[in-house]
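Structure below is start_37.cif: mmCIF, C-alpha atoms.
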```cif
data_start
loop_
_atom_site.label_atom_id
_atom_site.label_comp_id
_atom_site.auth_asym_id
_atom_site.auth_seq_id
_atom_site.Cartn_x
_atom_site.Cartn_y
_atom_site.Cartn_z
CA LEU Q 1 -15.00 9.29 5.18
CA MET Q 2 -12.94 6.47 6.67
CA GLN Q 3 -9.20 6.19 7.19
CA TYR Q 4 -7.21 3.23 5.87
CA LEU Q 5 -3.56 2.35 6.14
CA LEU Q 6 -1.92 1.06 2.96
CA ALA Q 7 1.02 -0.96 4.34
CA LEU Q 8 3.61 -1.60 1.64
CA TYR Q 9 5.53 -4.90 1.71
CA VAL Q 10 8.40 -5.58 -0.70
CA ASP Q 11 11.46 -7.80 -0.99
CA GLU Q 12 14.00 -5.27 0.28
CA SER Q 13 16.85 -6.89 -1.67
CA GLY Q 14 15.17 -5.91 -4.96
CA TRP Q 15 16.26 -2.25 -4.78
CA GLY Q 16 19.96 -3.19 -4.83
CA ARG Q 17 19.46 -5.29 -7.97
CA MET Q 18 17.97 -2.36 -9.89
CA THR Q 19 20.00 -0.14 -12.21
CA PRO Q 20 20.30 3.54 -11.24
CA GLU Q 21 17.80 4.36 -14.02
CA GLN Q 22 15.31 1.79 -12.68
CA GLN Q 23 15.73 3.23 -9.17
CA LYS Q 24 15.10 6.73 -10.55
CA GLN Q 25 11.94 5.54 -12.34
CA GLY Q 26 10.77 3.73 -9.18
CA SER Q 27 11.26 6.84 -7.05
CA ALA Q 28 9.43 8.95 -9.62
CA ALA Q 29 6.47 6.52 -9.59
CA TYR Q 30 6.11 6.85 -5.80
CA THR Q 31 6.48 10.65 -5.97
CA ALA Q 32 3.70 10.82 -8.57
CA TYR Q 33 1.47 8.45 -6.55
CA THR Q 34 1.99 10.51 -3.38
CA GLU Q 35 1.15 13.71 -5.26
CA ASP Q 36 -2.02 12.07 -6.67
CA LEU Q 37 -3.10 11.16 -3.11
CA ARG Q 38 -2.31 14.68 -1.90
CA SER Q 39 -4.16 16.31 -4.83
CA ALA Q 40 -7.21 14.11 -4.16
CA GLY Q 41 -7.21 15.24 -0.52
CA ALA Q 42 -6.81 11.62 0.61
CA LEU Q 43 -3.39 11.77 2.34
CA VAL Q 44 -3.65 12.23 6.15
CA PRO Q 45 -1.51 11.93 9.36
CA THR Q 46 -0.85 8.77 11.42
CA THR Q 47 -2.91 6.89 14.05
CA ARG Q 48 -3.30 3.29 15.34
CA LEU Q 49 -4.56 0.21 13.44
CA ARG Q 50 -7.38 -2.28 13.89
CA PRO Q 51 -6.23 -5.92 14.45
CA SER Q 52 -4.44 -7.58 11.52
CA GLY Q 53 -7.29 -10.10 11.17
CA THR Q 54 -9.42 -7.26 9.75
CA ALA Q 55 -6.97 -6.60 6.87
CA THR Q 56 -7.73 -7.01 3.18
CA THR Q 57 -4.70 -7.75 0.98
CA LEU Q 58 -4.21 -6.99 -2.73
CA ARG Q 59 -1.52 -8.72 -4.78
CA THR Q 60 -0.94 -8.65 -8.52
CA THR Q 61 0.11 -12.01 -9.99
CA ASN Q 62 0.69 -12.37 -13.73
CA GLY Q 63 -1.00 -9.01 -14.27
CA LYS Q 64 -4.18 -10.01 -12.40
CA ALA Q 65 -5.21 -8.52 -9.04
CA GLN Q 66 -5.97 -10.99 -6.25
CA VAL Q 67 -7.83 -9.84 -3.12
CA LEU Q 68 -7.48 -11.85 0.10
CA ASP Q 69 -9.20 -11.38 3.47
CA GLY Q 70 -6.75 -11.08 6.35
CA PRO Q 71 -3.03 -10.25 6.44
CA PHE Q 72 -0.49 -11.84 4.13
CA ALA Q 73 1.76 -13.49 6.75
CA GLU Q 74 3.78 -16.24 5.02
CA SER Q 75 5.90 -13.91 2.94
CA LYS Q 76 9.51 -13.03 2.16
CA GLU Q 77 8.42 -9.38 1.83
CA GLN Q 78 9.04 -6.80 4.54
CA LEU Q 79 7.07 -3.73 5.57
CA ALA Q 80 8.79 -0.98 3.56
CA GLY Q 81 6.47 1.96 4.16
CA TYR Q 82 2.88 3.07 4.30
CA TYR Q 83 0.29 5.60 3.23
CA LEU Q 84 -2.53 6.74 5.50
CA ILE Q 85 -5.54 7.75 3.41
CA ASP Q 86 -9.01 9.18 4.05
CA VAL Q 87 -11.58 7.82 1.56
CA PRO Q 88 -15.32 7.01 1.47
CA ASP Q 89 -15.06 3.22 1.92
CA LEU Q 90 -13.04 0.01 1.49
CA ASP Q 91 -13.73 -0.04 -2.25
CA ALA Q 92 -12.10 3.38 -2.66
CA ALA Q 93 -9.17 2.27 -0.47
CA MET Q 94 -8.71 -0.82 -2.64
CA GLN Q 95 -8.72 1.32 -5.78
CA TRP Q 96 -5.90 3.45 -4.33
CA ALA Q 97 -4.07 0.25 -3.26
CA GLY Q 98 -4.26 -1.04 -6.82
CA ARG Q 99 -2.76 2.20 -8.16
CA CYS Q 100 0.18 2.09 -5.71
CA PRO Q 101 3.49 1.19 -7.41
CA THR Q 102 4.07 -1.49 -4.74
CA ALA Q 103 1.12 -3.49 -6.12
CA GLN Q 104 3.24 -4.22 -9.22
CA HIS Q 105 6.18 -5.80 -7.36
CA GLY Q 106 5.10 -6.40 -3.76
CA ILE Q 107 2.04 -6.46 -1.52
CA VAL Q 108 -0.29 -3.67 -0.40
CA GLU Q 109 -2.15 -4.52 2.82
CA VAL Q 110 -5.25 -2.38 3.46
CA ARG Q 111 -6.34 -1.92 7.10
CA ALA Q 112 -9.11 0.25 8.51
CA ILE Q 113 -8.14 2.72 11.23
CA TRP Q 114 -9.65 2.27 14.67
CA PRO Q 115 -10.70 5.76 15.83
CA MET Q 116 -9.50 6.63 19.35
#
```
Show me the file's structure as structure tokens.
Amino acid sequence: LMQYLLALYVDESGWGRMTPEQQKQGSAAYTAYTEDLRSAGALVPTTRLRPSGTATTLRTTNGKAQVLDGPFAESKEQLAGYYLIDVPDLDAAMQWAGRCPTAQHGIVEVRAIWPM
């Protein structure tokens, strides 16, 4: 298995524009996603990252996933959080990235962990 960091980038001002019900639904989506990762045995503790040039980025635009090599730098989004996962390979990490609620309204950057 390999470890990958799913770095979650969103426009931080979006949360304040949501209704309390939308915020509740958003929180519930992340709670369910976290529990899915935990149940799959994929959620693990923290370590350091490989250089950002090794990143693969997934973004959903008009309902279609786009995969880019390298970090997504020219963005109004901010790093809002992360998941550290332990999965067989980059394909599995990208599948988890695509399931993350952030992929629907922000950016999920996938980076391989550099073992110490």
Exercise for review: Could you check which of Q:Ile107, Q:Val44, Q:Leu1, Q:Ile113 is closest to Leu58 of chain Q, using all atoms listed in the file?
Suggested key: Q:Ile107
Practice item. Could you expand the PyMOL selection byres ((chain Q and resi 5) around 10) into the explicit residues it covers here, written as JSON, numbers by chain? Key: {"Q": [3, 4, 6, 7, 8, 44, 46, 47, 48, 49, 50, 55, 82, 83, 84, 85, 86, 93, 97, 108, 109, 110, 111, 112, 113]}
Check your understanding: Looking at Q:Ala42, Q:Met94, Q:Cys100, Q:Val87, which one is nearest to Ala29 of chain Q, with distances taken over all atoms listed in the file?
Key -> Q:Cys100
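As for atom CA of Asp36 of chain Q and atom CA of Asp91 of chain Q, they are spaced 17.4 Å apart.
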Practice item. Quick one: everything within 9 Å of Asp69 of chain Q, counting only C-alpha atoms, minus sequence neighbours fewer than 5 positions away in the same chain. Send it as a PyMOL selection string. Key: chain Q and resi 53-57
Practice item. Enter the distance from atom CA of Thr31 of chain Q to atom CA of Trp96 of chain Q, in Å, rounded to one decimal. Key: 14.4 Å
Practice item. Choose the residue, out of Q:Ala32, Q:Met2, Q:Ser39, Q:Ser13, that has the smallest atom-to-atom separation from Arg99 of chain Q; count all atoms listed in the file. Key: Q:Ala32
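Of note, atom CA of Pro88 of chain Q and atom CA of Ala28 of chain Q are spaced 27.2 Å apart.
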**Study point:** Answer key for the PyMOL selection byres ((chain Q and resi 105) around 12), residues as a ChimeraX atom specification
**Key:** /Q:8-12,14-15,26,58-63,65,77,98,100-104,106-108
Could the residues in this selection be saved with C-alpha atoms as a short mmCIF file (atom, residue, chain, number, x, y, z; two decimals), in the frame of the given file?
```
data_model
loop_
_atom_site.label_atom_id
_atom_site.label_comp_id
_atom_site.auth_asym_id
_atom_site.auth_seq_id
_atom_site.Cartn_x
_atom_site.Cartn_y
_atom_site.Cartn_z
CA LEU Q 8 3.61 -1.60 1.64
CA TYR Q 9 5.53 -4.90 1.71
CA VAL Q 10 8.40 -5.58 -0.70
CA ASP Q 11 11.46 -7.80 -0.99
CA GLU Q 12 14.00 -5.27 0.28
CA GLY Q 14 15.17 -5.91 -4.96
CA TRP Q 15 16.26 -2.25 -4.78
CA GLY Q 26 10.77 3.73 -9.18
CA LEU Q 58 -4.21 -6.99 -2.73
CA ARG Q 59 -1.52 -8.72 -4.78
CA THR Q 60 -0.94 -8.65 -8.52
CA THR Q 61 0.11 -12.01 -9.99
CA ASN Q 62 0.69 -12.37 -13.73
CA GLY Q 63 -1.00 -9.01 -14.27
CA ALA Q 65 -5.21 -8.52 -9.04
CA GLU Q 77 8.42 -9.38 1.83
CA GLY Q 98 -4.26 -1.04 -6.82
CA CYS Q 100 0.18 2.09 -5.71
CA PRO Q 101 3.49 1.19 -7.41
CA THR Q 102 4.07 -1.49 -4.74
CA ALA Q 103 1.12 -3.49 -6.12
CA GLN Q 104 3.24 -4.22 -9.22
CA GLY Q 106 5.10 -6.40 -3.76
CA ILE Q 107 2.04 -6.46 -1.52
CA VAL Q 108 -0.29 -3.67 -0.40
#
```
